[in-house]
$ cat upload-v7.cif   # mmCIF, C-alpha atoms
data_target
loop_
_atom_site.group_PDB
_atom_site.id
_atom_site.type_symbol
_atom_site.label_atom_id
_atom_site.label_comp_id
_atom_site.auth_asym_id
_atom_site.auth_seq_id
_atom_site.Cartn_x
_atom_site.Cartn_y
_atom_site.Cartn_z
ATOM 1 C CA MET A 1 19.368 -33.283 -5.699
ATOM 2 C CA ALA A 2 16.941 -32.679 -2.845
ATOM 3 C CA ARG A 3 13.273 -33.109 -3.551
ATOM 4 C CA THR A 4 10.726 -30.771 -2.092
ATOM 5 C CA SER A 5 7.377 -32.114 -1.146
ATOM 6 C CA ALA A 6 4.128 -30.294 -0.670
ATOM 7 C CA LYS A 7 3.075 -29.682 2.897
ATOM 8 C CA PRO A 8 0.388 -32.042 4.112
ATOM 9 C CA SER A 9 -3.051 -30.469 4.503
ATOM 10 C CA SER A 10 -2.893 -30.836 8.293
ATOM 11 C CA SER A 11 -0.055 -28.261 8.462
ATOM 12 C CA PHE A 12 -2.012 -25.692 6.461
ATOM 13 C CA THR A 13 -2.655 -22.535 8.448
ATOM 14 C CA PHE A 14 -5.670 -20.401 7.710
ATOM 15 C CA PRO A 15 -5.280 -16.632 7.624
ATOM 16 C CA THR A 16 -6.559 -14.790 10.690
ATOM 17 C CA ARG A 17 -6.702 -11.210 9.395
ATOM 18 C CA PRO A 18 -7.196 -9.487 6.076
ATOM 19 C CA GLU A 19 -3.940 -8.809 4.240
ATOM 20 C CA SER A 20 -2.644 -5.247 4.490
ATOM 21 C CA GLY A 21 -3.679 -4.578 0.877
ATOM 22 C CA ILE A 22 -7.319 -4.551 1.967
ATOM 23 C CA ARG A 23 -6.633 -1.191 3.632
ATOM 24 C CA TRP A 24 -5.725 0.207 0.203
ATOM 25 C CA VAL A 25 -8.728 -1.420 -1.452
ATOM 26 C CA TRP A 26 -11.166 -0.074 1.136
ATOM 27 C CA SER A 27 -9.417 3.331 1.163
ATOM 28 C CA ILE A 28 -9.679 3.656 -2.620
ATOM 29 C CA ARG A 29 -13.346 2.662 -2.475
ATOM 30 C CA GLY A 30 -13.800 5.123 0.370
ATOM 31 C CA ALA A 31 -12.251 7.917 -1.680
ATOM 32 C CA LEU A 32 -14.259 7.141 -4.827
ATOM 33 C CA PHE A 33 -17.614 6.449 -3.177
ATOM 34 C CA PRO A 34 -18.289 10.106 -2.185
ATOM 35 C CA LEU A 35 -18.121 11.069 -5.852
ATOM 36 C CA LEU A 36 -21.502 9.376 -6.223
ATOM 37 C CA TYR A 37 -22.887 11.892 -3.744
ATOM 38 C CA LEU A 38 -20.800 14.856 -4.826
ATOM 39 C CA ALA A 39 -21.979 14.950 -8.434
ATOM 40 C CA PRO A 40 -25.690 15.328 -7.560
ATOM 41 C CA LEU A 41 -24.880 17.792 -4.767
ATOM 42 C CA SER A 42 -22.702 20.020 -6.915
ATOM 43 C CA PHE A 43 -24.948 19.943 -9.997
ATOM 44 C CA PRO A 44 -27.580 22.393 -8.635
ATOM 45 C CA LEU A 45 -24.814 24.738 -7.463
ATOM 46 C CA LEU A 46 -23.166 24.780 -10.872
ATOM 47 C CA MET A 47 -26.482 25.131 -12.746
ATOM 48 C CA GLY A 48 -27.486 28.018 -10.500
ATOM 49 C CA LEU A 49 -24.237 29.761 -11.251
ATOM 50 C CA LEU A 50 -24.473 29.082 -14.982
ATOM 51 C CA PHE A 51 -27.984 30.429 -15.371
ATOM 52 C CA ALA A 52 -27.909 33.104 -12.669
ATOM 53 C CA ASN A 53 -30.089 36.117 -13.550
ATOM 54 C CA GLY A 54 -29.468 35.860 -17.303
ATOM 55 C CA ARG A 55 -26.004 37.384 -17.056
ATOM 56 C CA SER A 56 -23.719 36.961 -20.040
ATOM 57 C CA ASN A 57 -21.003 35.786 -17.676
ATOM 58 C CA PRO A 58 -22.695 33.477 -15.159
ATOM 59 C CA PHE A 59 -19.666 33.568 -12.869
ATOM 60 C CA GLU A 60 -19.711 37.368 -12.603
ATOM 61 C CA GLY A 61 -20.237 38.457 -9.044
ATOM 62 C CA ALA A 62 -19.988 34.951 -7.622
ATOM 63 C CA PRO A 63 -17.548 34.688 -4.737
ATOM 64 C CA ALA A 64 -14.568 32.487 -5.588
ATOM 65 C CA TRP A 65 -14.932 30.366 -2.474
ATOM 66 C CA ILE A 66 -18.316 29.037 -3.590
ATOM 67 C CA PHE A 67 -16.583 26.842 -6.180
ATOM 68 C CA PHE A 68 -14.653 25.079 -3.435
ATOM 69 C CA ILE A 69 -17.747 23.938 -1.528
ATOM 70 C CA PRO A 70 -18.194 20.689 -3.526
ATOM 71 C CA LEU A 71 -14.454 20.010 -3.295
ATOM 72 C CA GLY A 72 -14.487 20.602 0.462
ATOM 73 C CA ILE A 73 -17.485 18.299 0.916
ATOM 74 C CA TYR A 74 -15.783 15.626 -1.171
ATOM 75 C CA LEU A 75 -12.498 15.888 0.747
ATOM 76 C CA LEU A 76 -14.269 15.734 4.101
ATOM 77 C CA ILE A 77 -16.328 12.657 3.158
ATOM 78 C CA ALA A 78 -13.382 10.950 1.427
ATOM 79 C CA LEU A 79 -11.031 11.534 4.364
ATOM 80 C CA THR A 80 -13.627 10.240 6.826
ATOM 81 C CA SER A 81 -14.209 7.182 4.628
ATOM 82 C CA ILE A 82 -10.488 6.447 4.376
ATOM 83 C CA ILE A 83 -10.011 6.732 8.148
ATOM 84 C CA TYR A 84 -13.034 4.492 8.739
ATOM 85 C CA ALA A 85 -11.836 1.921 6.166
ATOM 86 C CA ASN A 86 -8.444 1.675 7.857
ATOM 87 C CA ALA A 87 -10.026 1.334 11.288
ATOM 88 C CA ALA A 88 -12.409 -1.350 9.975
ATOM 89 C CA ALA A 89 -9.541 -3.299 8.402
ATOM 90 C CA SER A 90 -7.520 -3.219 11.614
ATOM 91 C CA ARG A 91 -10.475 -4.503 13.646
ATOM 92 C CA TYR A 92 -11.491 -7.309 11.261
ATOM 93 C CA SER A 93 -10.383 -10.828 12.140
ATOM 94 C CA PHE A 94 -11.427 -14.376 11.383
ATOM 95 C CA GLU A 95 -10.407 -17.601 13.032
ATOM 96 C CA VAL A 96 -10.980 -21.019 11.492
ATOM 97 C CA GLN A 97 -11.296 -23.536 14.295
ATOM 98 C CA ASP A 98 -11.970 -27.265 14.113
ATOM 99 C CA GLU A 99 -15.749 -26.947 13.958
ATOM 100 C CA GLU A 100 -16.493 -23.265 13.418
ATOM 101 C CA VAL A 101 -15.307 -20.017 11.921
ATOM 102 C CA ILE A 102 -15.312 -16.985 14.201
ATOM 103 C CA VAL A 103 -15.566 -13.568 12.518
ATOM 104 C CA ARG A 104 -14.942 -10.416 14.564
ATOM 105 C CA LYS A 105 -15.510 -6.987 13.092
ATOM 106 C CA GLY A 106 -16.639 -3.495 13.964
ATOM 107 C CA VAL A 107 -15.165 -0.079 14.537
ATOM 108 C CA PHE A 108 -17.533 1.421 17.115
ATOM 109 C CA PHE A 109 -19.419 -1.743 18.049
ATOM 110 C CA THR A 110 -17.689 -5.102 17.823
ATOM 111 C CA THR A 111 -19.670 -8.017 16.435
ATOM 112 C CA THR A 112 -18.556 -11.603 16.914
ATOM 113 C CA THR A 113 -20.196 -14.174 14.654
ATOM 114 C CA ARG A 114 -19.716 -17.909 15.053
ATOM 115 C CA ILE A 115 -20.393 -19.942 11.931
ATOM 116 C CA PRO A 116 -20.623 -23.703 12.527
ATOM 117 C CA LEU A 117 -18.798 -25.465 9.698
ATOM 118 C CA ARG A 118 -21.482 -28.178 9.712
ATOM 119 C CA ARG A 119 -23.982 -25.551 8.491
ATOM 120 C CA VAL A 120 -21.780 -24.278 5.650
ATOM 121 C CA GLN A 121 -23.299 -25.212 2.295
ATOM 122 C CA ASP A 122 -20.846 -23.542 -0.044
ATOM 123 C CA VAL A 123 -17.737 -21.388 -0.089
ATOM 124 C CA HIS A 124 -17.486 -18.613 -2.700
ATOM 125 C CA VAL A 125 -14.420 -16.668 -3.789
ATOM 126 C CA ARG A 126 -15.084 -13.126 -5.024
ATOM 127 C CA GLN A 127 -12.424 -11.028 -6.692
ATOM 128 C CA GLY A 128 -13.309 -7.741 -8.349
ATOM 129 C CA PRO A 129 -10.866 -5.654 -10.364
ATOM 130 C CA LEU A 130 -9.659 -3.650 -7.367
ATOM 131 C CA LEU A 131 -9.054 -6.743 -5.220
ATOM 132 C CA ARG A 132 -7.369 -8.446 -8.195
ATOM 133 C CA ALA A 133 -4.997 -5.477 -8.595
ATOM 134 C CA PHE A 134 -3.749 -6.142 -5.052
ATOM 135 C CA GLY A 135 -3.697 -9.942 -5.446
ATOM 136 C CA LEU A 136 -6.540 -10.377 -2.963
ATOM 137 C CA ALA A 137 -10.002 -11.921 -2.872
ATOM 138 C CA SER A 138 -12.891 -12.293 -0.450
ATOM 139 C CA ILE A 139 -14.213 -15.627 0.743
ATOM 140 C CA LYS A 140 -17.907 -15.928 1.563
ATOM 141 C CA LEU A 141 -19.387 -18.789 3.562
ATOM 142 C CA ASP A 142 -22.992 -19.694 2.683
ATOM 143 C CA THR A 143 -24.787 -21.383 5.543
ATOM 144 C CA ALA A 144 -27.921 -23.497 5.655
ATOM 145 C CA GLY A 145 -31.023 -21.491 6.423
ATOM 146 C CA GLY A 146 -29.166 -18.232 6.614
ATOM 147 C CA PHE A 147 -29.396 -15.150 4.477
ATOM 148 C CA ASN A 148 -27.411 -13.089 6.909
ATOM 149 C CA VAL A 149 -26.265 -9.889 5.234
ATOM 150 C CA THR A 150 -25.057 -6.781 7.060
ATOM 151 C CA ARG A 151 -23.741 -3.365 6.121
ATOM 152 C CA GLY A 152 -19.954 -3.537 6.081
ATOM 153 C CA PRO A 153 -17.309 -0.825 5.829
ATOM 154 C CA MET A 154 -17.602 -0.709 2.057
ATOM 155 C CA GLY A 155 -21.025 -2.115 1.254
ATOM 156 C CA PHE A 156 -23.258 -5.023 2.120
ATOM 157 C CA THR A 157 -21.377 -8.114 3.238
ATOM 158 C CA SER A 158 -22.212 -11.577 4.428
ATOM 159 C CA GLU A 159 -21.687 -12.381 8.104
ATOM 160 C CA GLY A 160 -19.421 -15.222 7.030
ATOM 161 C CA GLN A 161 -17.012 -13.207 4.959
ATOM 162 C CA MET A 162 -13.229 -13.286 5.020
ATOM 163 C CA PRO A 163 -12.070 -10.213 3.049
ATOM 164 C CA GLY A 164 -8.564 -9.523 1.796
ATOM 165 C CA VAL A 165 -7.268 -13.087 1.530
ATOM 166 C CA ARG A 166 -4.252 -14.089 -0.586
ATOM 167 C CA ASP A 167 -4.443 -17.486 -2.308
ATOM 168 C CA ALA A 168 -8.178 -17.456 -1.661
ATOM 169 C CA GLU A 169 -8.845 -20.451 -3.926
ATOM 170 C CA ILE A 170 -6.563 -22.616 -1.779
ATOM 171 C CA VAL A 171 -8.090 -21.294 1.452
ATOM 172 C CA ALA A 172 -11.621 -21.921 0.129
ATOM 173 C CA GLU A 173 -10.655 -25.432 -0.967
ATOM 174 C CA ARG A 174 -9.244 -26.222 2.487
ATOM 175 C CA LEU A 175 -12.370 -24.823 4.135
ATOM 176 C CA MET A 176 -14.602 -27.043 1.968
ATOM 177 C CA GLU A 177 -12.396 -30.059 2.771
ATOM 178 C CA ARG A 178 -12.924 -29.366 6.471
ATOM 179 C CA VAL A 179 -16.681 -28.894 5.969
ATOM 180 C CA LYS A 180 -16.971 -32.184 4.073
ATOM 181 C CA ARG A 181 -14.891 -33.997 6.672
ATOM 182 C CA LEU A 182 -17.163 -32.707 9.479
ATOM 183 C CA LYS A 183 -20.296 -33.701 7.579
ATOM 184 C CA GLY A 184 -18.846 -37.111 6.787
ATOM 185 C CA ASP A 185 -18.905 -36.565 3.004
ATOM 186 C CA VAL A 186 -15.237 -37.480 2.553
#

$ encode --input "upload-v7.cif" --output "C-alpha coordinates"
Amino acid sequence: MARTSAKPSSSFTFPTRPESGIRWVWSIRGALFPLLYLAPLSFPLLMGLLFANGRSNPFEGAPAWIFFIPLGIYLLIALTSIIYANAAASRYSFEVQDEEVIVRKGVFFTTTTRIPLRRVQDVHVRQGPLLRAFGLASIKLDTAGGFNVTRGPMGFTSEGQMPGVRDAEIVAERLMERVKRLKGDV
(Lines of atoms letter the chains of each structure in order from A and count residues from 1; the text may use other names and numbers.)
(Lines give C-alpha, C1' and ligand atoms only; values in the text may rest on other atoms or scores of the structure.)
Protein backbone atom coordinates (compact mmCIF):
# COMPACT_ATOMS: atom_id res chain seq x y z
CA MET A 1 0.00 0.00 0.00
CA ALA A 2 1.51 3.31 -1.09
CA ARG A 3 1.57 6.11 1.41
CA THR A 4 0.87 9.65 0.39
CA SER A 5 2.67 12.42 2.11
CA ALA A 6 1.76 16.05 2.37
CA LYS A 7 3.66 18.41 0.13
CA PRO A 8 6.38 20.34 1.90
CA SER A 9 5.61 24.02 2.45
CA SER A 10 8.34 25.06 -0.01
CA SER A 11 6.34 23.54 -2.91
CA PHE A 12 3.19 25.46 -2.00
CA THR A 13 2.11 27.81 -4.77
CA PHE A 14 0.17 30.93 -3.96
CA PRO A 15 -2.77 31.89 -6.15
CA THR A 16 -2.13 34.70 -8.62
CA ARG A 17 -5.68 35.63 -9.63
CA PRO A 18 -9.11 35.53 -8.07
CA GLU A 19 -10.98 32.30 -8.78
CA SER A 20 -13.60 32.51 -11.53
CA GLY A 21 -16.39 32.40 -8.93
CA ILE A 22 -15.52 35.96 -7.91
CA ARG A 23 -17.03 37.11 -11.22
CA TRP A 24 -20.36 35.63 -10.09
CA VAL A 25 -20.04 37.11 -6.61
CA TRP A 26 -19.27 40.60 -7.92
CA SER A 27 -21.93 40.27 -10.65
CA ILE A 28 -24.61 39.32 -8.13
CA ARG A 29 -23.57 42.22 -5.90
CA GLY A 30 -23.58 44.45 -8.96
CA ALA A 31 -27.11 43.38 -9.84
CA LEU A 32 -28.45 43.78 -6.30
CA PHE A 33 -26.69 47.02 -5.41
CA PRO A 34 -28.79 49.23 -7.75
CA LEU A 35 -31.91 48.17 -5.86
CA LEU A 36 -30.69 50.39 -3.04
CA TYR A 37 -30.92 53.33 -5.43
CA LEU A 38 -33.99 52.18 -7.33
CA ALA A 39 -36.33 52.01 -4.35
CA PRO A 40 -35.86 55.67 -3.34
CA LEU A 41 -35.97 56.79 -6.98
CA SER A 42 -39.17 54.93 -7.80
CA PHE A 43 -40.99 55.81 -4.57
CA PRO A 44 -41.84 59.43 -5.55
CA LEU A 45 -43.00 58.24 -8.98
CA LEU A 46 -45.33 55.65 -7.48
CA MET A 47 -46.64 58.02 -4.78
CA GLY A 48 -47.33 60.68 -7.40
CA LEU A 49 -49.30 58.20 -9.43
CA LEU A 50 -51.19 56.89 -6.40
CA PHE A 51 -52.29 60.29 -5.16
CA ALA A 52 -52.58 62.08 -8.50
CA ASN A 53 -55.33 64.74 -8.48
CA GLY A 54 -57.59 62.82 -6.09
CA ARG A 55 -58.77 60.42 -8.78
CA SER A 56 -60.49 57.26 -7.64
CA ASN A 57 -58.21 55.29 -9.93
CA PRO A 58 -54.74 56.82 -9.55
CA PHE A 59 -53.48 55.00 -12.64
CA GLU A 60 -56.19 56.46 -14.87
CA GLY A 61 -54.69 58.52 -17.63
CA ALA A 62 -51.12 57.56 -16.81
CA PRO A 63 -49.17 56.33 -19.82
CA ALA A 64 -48.20 52.67 -19.49
CA TRP A 65 -44.56 53.31 -20.27
CA ILE A 66 -44.09 55.41 -17.13
CA PHE A 67 -44.19 52.24 -15.02
CA PHE A 68 -41.17 50.89 -16.86
CA ILE A 69 -38.91 53.84 -16.03
CA PRO A 70 -37.71 52.40 -12.67
CA LEU A 71 -37.24 48.98 -14.28
CA GLY A 72 -35.25 50.51 -17.15
CA ILE A 73 -33.06 52.47 -14.73
CA TYR A 74 -32.46 49.33 -12.68
CA LEU A 75 -31.59 47.22 -15.73
CA LEU A 76 -29.21 49.86 -17.07
CA ILE A 77 -27.37 50.25 -13.74
CA ALA A 78 -27.35 46.49 -13.06
CA LEU A 79 -26.01 45.65 -16.53
CA THR A 80 -23.30 48.31 -16.23
CA SER A 81 -22.37 46.99 -12.78
CA ILE A 82 -22.16 43.40 -14.02
CA ILE A 83 -19.96 44.38 -16.98
CA TYR A 84 -17.72 46.43 -14.68
CA ALA A 85 -17.49 43.60 -12.11
CA ASN A 86 -16.38 41.14 -14.78
CA ALA A 87 -13.82 43.58 -16.16
CA ALA A 88 -12.51 44.26 -12.63
CA ALA A 89 -12.19 40.54 -11.89
CA SER A 90 -10.28 39.91 -15.11
CA ARG A 91 -7.83 42.73 -14.35
CA TYR A 92 -7.19 41.81 -10.70
CA SER A 93 -4.00 39.92 -9.91
CA PHE A 94 -1.74 39.32 -6.95
CA GLU A 95 1.73 37.87 -6.80
CA VAL A 96 3.36 36.64 -3.61
CA GLN A 97 7.10 37.00 -3.98
CA ASP A 98 9.85 36.21 -1.49
CA GLU A 99 9.70 39.57 0.28
CA GLU A 100 6.59 41.32 -1.00
CA VAL A 101 3.09 40.91 -2.34
CA ILE A 102 2.26 42.76 -5.54
CA VAL A 103 -1.41 43.60 -6.14
CA ARG A 104 -2.51 44.87 -9.56
CA LYS A 105 -6.05 46.06 -10.16
CA GLY A 106 -8.08 48.56 -12.11
CA VAL A 107 -10.38 48.67 -15.09
CA PHE A 108 -9.73 52.15 -16.51
CA PHE A 109 -6.62 53.00 -14.49
CA THR A 110 -4.30 50.24 -13.35
CA THR A 111 -2.89 50.47 -9.84
CA THR A 112 0.09 48.40 -8.75
CA THR A 113 0.67 48.16 -5.01
CA ARG A 114 3.74 46.57 -3.47
CA ILE A 115 3.30 45.37 0.09
CA PRO A 116 6.56 44.46 1.86
CA LEU A 117 5.98 41.28 3.86
CA ARG A 118 8.18 42.68 6.64
CA ARG A 119 5.52 45.36 7.25
CA VAL A 120 2.60 42.91 7.42
CA GLN A 121 1.22 42.76 10.95
CA ASP A 122 -1.69 40.40 10.43
CA VAL A 123 -3.52 38.43 7.77
CA HIS A 124 -7.33 38.29 7.91
CA VAL A 125 -9.67 35.93 6.09
CA ARG A 126 -13.13 37.32 5.32
CA GLN A 127 -15.94 35.17 4.01
CA GLY A 128 -19.47 36.52 3.77
CA PRO A 129 -22.48 34.44 2.81
CA LEU A 130 -22.13 35.11 -0.91
CA LEU A 131 -18.42 34.24 -0.98
CA ARG A 132 -19.13 31.15 1.16
CA ALA A 133 -21.77 29.99 -1.35
CA PHE A 134 -19.04 29.88 -4.01
CA GLY A 135 -16.40 28.37 -1.69
CA LEU A 136 -14.32 31.55 -1.75
CA ALA A 137 -12.91 34.06 0.72
CA SER A 138 -10.91 37.27 0.68
CA ILE A 139 -7.54 37.67 2.34
CA LYS A 140 -6.59 41.06 3.74
CA LEU A 141 -3.04 42.03 4.67
CA ASP A 142 -2.74 44.56 7.52
CA THR A 143 0.49 46.51 7.37
CA ALA A 144 2.33 48.54 9.98
CA GLY A 145 1.46 52.21 9.88
CA GLY A 146 -0.99 51.80 7.06
CA PHE A 147 -4.71 52.35 6.94
CA ASN A 148 -4.80 52.17 3.19
CA VAL A 149 -8.38 51.72 2.02
CA THR A 150 -9.62 52.38 -1.51
CA ARG A 151 -12.89 52.11 -3.38
CA GLY A 152 -12.98 48.74 -5.11
CA PRO A 153 -15.34 47.30 -7.71
CA MET A 154 -17.86 46.30 -5.06
CA GLY A 155 -17.13 48.51 -2.08
CA PHE A 156 -14.25 49.74 0.01
CA THR A 157 -11.27 47.40 0.02
CA SER A 158 -7.82 47.32 1.52
CA GLU A 159 -4.86 47.84 -0.80
CA GLY A 160 -3.51 44.50 0.38
CA GLN A 161 -6.50 42.40 -0.49
CA MET A 162 -6.60 39.09 -2.33
CA PRO A 163 -10.27 38.49 -3.24
CA GLY A 164 -11.79 35.24 -4.47
CA VAL A 165 -9.31 32.77 -2.97
CA ARG A 166 -10.08 29.07 -2.46
CA ASP A 167 -8.60 27.45 0.67
CA ALA A 168 -8.01 30.94 2.03
CA GLU A 169 -7.17 29.70 5.54
CA ILE A 170 -4.25 27.68 4.15
CA VAL A 171 -3.08 30.59 1.97
CA ALA A 172 -3.28 32.99 4.93
CA GLU A 173 -1.37 30.54 7.13
CA ARG A 174 1.39 30.22 4.52
CA LEU A 175 1.56 34.00 4.16
CA MET A 176 1.96 34.42 7.93
CA GLU A 177 4.66 31.72 7.96
CA ARG A 178 6.55 33.69 5.32
CA VAL A 179 6.06 36.96 7.24
CA LYS A 180 7.35 35.41 10.47
CA ARG A 181 10.30 33.85 8.68
CA LEU A 182 11.26 37.24 7.17
CA LYS A 183 10.94 38.98 10.53
CA GLY A 184 12.95 36.25 12.23
CA ASP A 185 10.09 35.19 14.53
CA VAL A 186 10.30 31.52 13.55

$ residues_around --input "upload-v7.cif" --residues "segment 174-182 of chain A" --least-positions-apart "2" --cutoff "7 Å" --atoms "all atoms listed in the file" --output "JSON, numbers by chain"
{"A": [117, 118, 120, 123, 170, 171, 172, 184, 185, 186]}

$ write_last_selection --input "upload-v7.cif" --atoms "C-alpha atoms" --output "PDB file, keeping the file's coordinate frame"
ATOM      1  CA  LEU A 117     -18.798 -25.465   9.698  1.00  0.00           C
ATOM      2  CA  ARG A 118     -21.482 -28.178   9.712  1.00  0.00           C
ATOM      3  CA  VAL A 120     -21.780 -24.278   5.650  1.00  0.00           C
ATOM      4  CA  VAL A 123     -17.737 -21.388  -0.089  1.00  0.00           C
ATOM      5  CA  ILE A 170      -6.563 -22.616  -1.779  1.00  0.00           C
ATOM      6  CA  VAL A 171      -8.090 -21.294   1.452  1.00  0.00           C
ATOM      7  CA  ALA A 172     -11.621 -21.921   0.129  1.00  0.00           C
ATOM      8  CA  GLY A 184     -18.846 -37.111   6.787  1.00  0.00           C
ATOM      9  CA  ASP A 185     -18.905 -36.565   3.004  1.00  0.00           C
ATOM     10  CA  VAL A 186     -15.237 -37.480   2.553  1.00  0.00           C
TER      11      VAL A 186
END

$ closest_residue --input "upload-v7.cif" --among "A:Leu38, A:Ala137, A:Thr16, A:Gln127" --to "Ser90 of chain A" --atoms "all atoms listed in the file"
A:Thr16

$ resolve_selection --input "upload-v7.cif" --expression "the PyMOL selection byres ((chain A and resi 109) around 12)" --output "ChimeraX atom specification"
/A:87-88,91-92,104-108,110-112

$ closest_residue --input "upload-v7.cif" --among "A:Ile102, A:Leu36, A:Leu41, A:Ala133" --to "Arg17 of chain A" --atoms "only C-alpha atoms"
A:Ile102

$ resolve_selection --input "upload-v7.cif" --expression "the PyMOL selection byres ((chain A and resi 115) around 7)" --output "ChimeraX atom specification"
/A:100-102,113-114,116-117,160

$ atom_distance --input "upload-v7.cif" --atom1 "atom CA of Val165 of chain A" --atom2 "atom CA of Pro18 of chain A"
5.8 Å

$ axis_aligned_box --input "upload-v7.cif" --around "segment 114-120 of chain A" --padding-each-side "3 Å" --output "AutoDock Vina command-line options"
--center_x -21.4 --center_y -23.0 --center_z 10.4 --size_x 11.2 --size_y 16.3 --size_z 15.4

$ atom_distance --input "upload-v7.cif" --atom1 "atom CA of Lys183 of chain A" --atom2 "atom CA of Ala168 of chain A"
22.3 Å

$ atom_distance --input "upload-v7.cif" --atom1 "atom CA of Gly128 of chain A" --atom2 "atom CA of Glu19 of chain A"
15.7 Å

$ resolve_selection --input "upload-v7.cif" --expression "the PyMOL selection byres ((chain A and resi 30) around 10)" --output "PyMOL selection string"
chain A and resi 24-29+31-35+77-86+153-154

$ write_last_selection --input "upload-v7.cif" --atoms "C-alpha atoms" --output "PDB file, keeping the file's coordinate frame"
ATOM      1  CA  TRP A  24      -5.725   0.207   0.203  1.00  0.00           C
ATOM      2  CA  VAL A  25      -8.728  -1.420  -1.452  1.00  0.00           C
ATOM      3  CA  TRP A  26     -11.166  -0.074   1.136  1.00  0.00           C
ATOM      4  CA  SER A  27      -9.417   3.331   1.163  1.00  0.00           C
ATOM      5  CA  ILE A  28      -9.679   3.656  -2.620  1.00  0.00           C
ATOM      6  CA  ARG A  29     -13.346   2.662  -2.475  1.00  0.00           C
ATOM      7  CA  ALA A  31     -12.251   7.917  -1.680  1.00  0.00           C
ATOM      8  CA  LEU A  32     -14.259   7.141  -4.827  1.00  0.00           C
ATOM      9  CA  PHE A  33     -17.614   6.449  -3.177  1.00  0.00           C
ATOM     10  CA  PRO A  34     -18.289  10.106  -2.185  1.00  0.00           C
ATOM     11  CA  LEU A  35     -18.121  11.069  -5.852  1.00  0.00           C
ATOM     12  CA  ILE A  77     -16.328  12.657   3.158  1.00  0.00           C
ATOM     13  CA  ALA A  78     -13.382  10.950   1.427  1.00  0.00           C
ATOM     14  CA  LEU A  79     -11.031  11.534   4.364  1.00  0.00           C
ATOM     15  CA  THR A  80     -13.627  10.240   6.826  1.00  0.00           C
ATOM     16  CA  SER A  81     -14.209   7.182   4.628  1.00  0.00           C
ATOM     17  CA  ILE A  82     -10.488   6.447   4.376  1.00  0.00           C
ATOM     18  CA  ILE A  83     -10.011   6.732   8.148  1.00  0.00           C
ATOM     19  CA  TYR A  84     -13.034   4.492   8.739  1.00  0.00           C
ATOM     20  CA  ALA A  85     -11.836   1.921   6.166  1.00  0.00           C
ATOM     21  CA  ASN A  86      -8.444   1.675   7.857  1.00  0.00           C
ATOM     22  CA  PRO A 153     -17.309  -0.825   5.829  1.00  0.00           C
ATOM     23  CA  MET A 154     -17.602  -0.709   2.057  1.00  0.00           C
TER      24      MET A 154
END

$ closest_residue --input "upload-v7.cif" --among "A:Thr143, A:Gln161, A:Thr13, A:Gly21" --to "Leu130 of chain A" --atoms "all atoms listed in the file"
A:Gly21
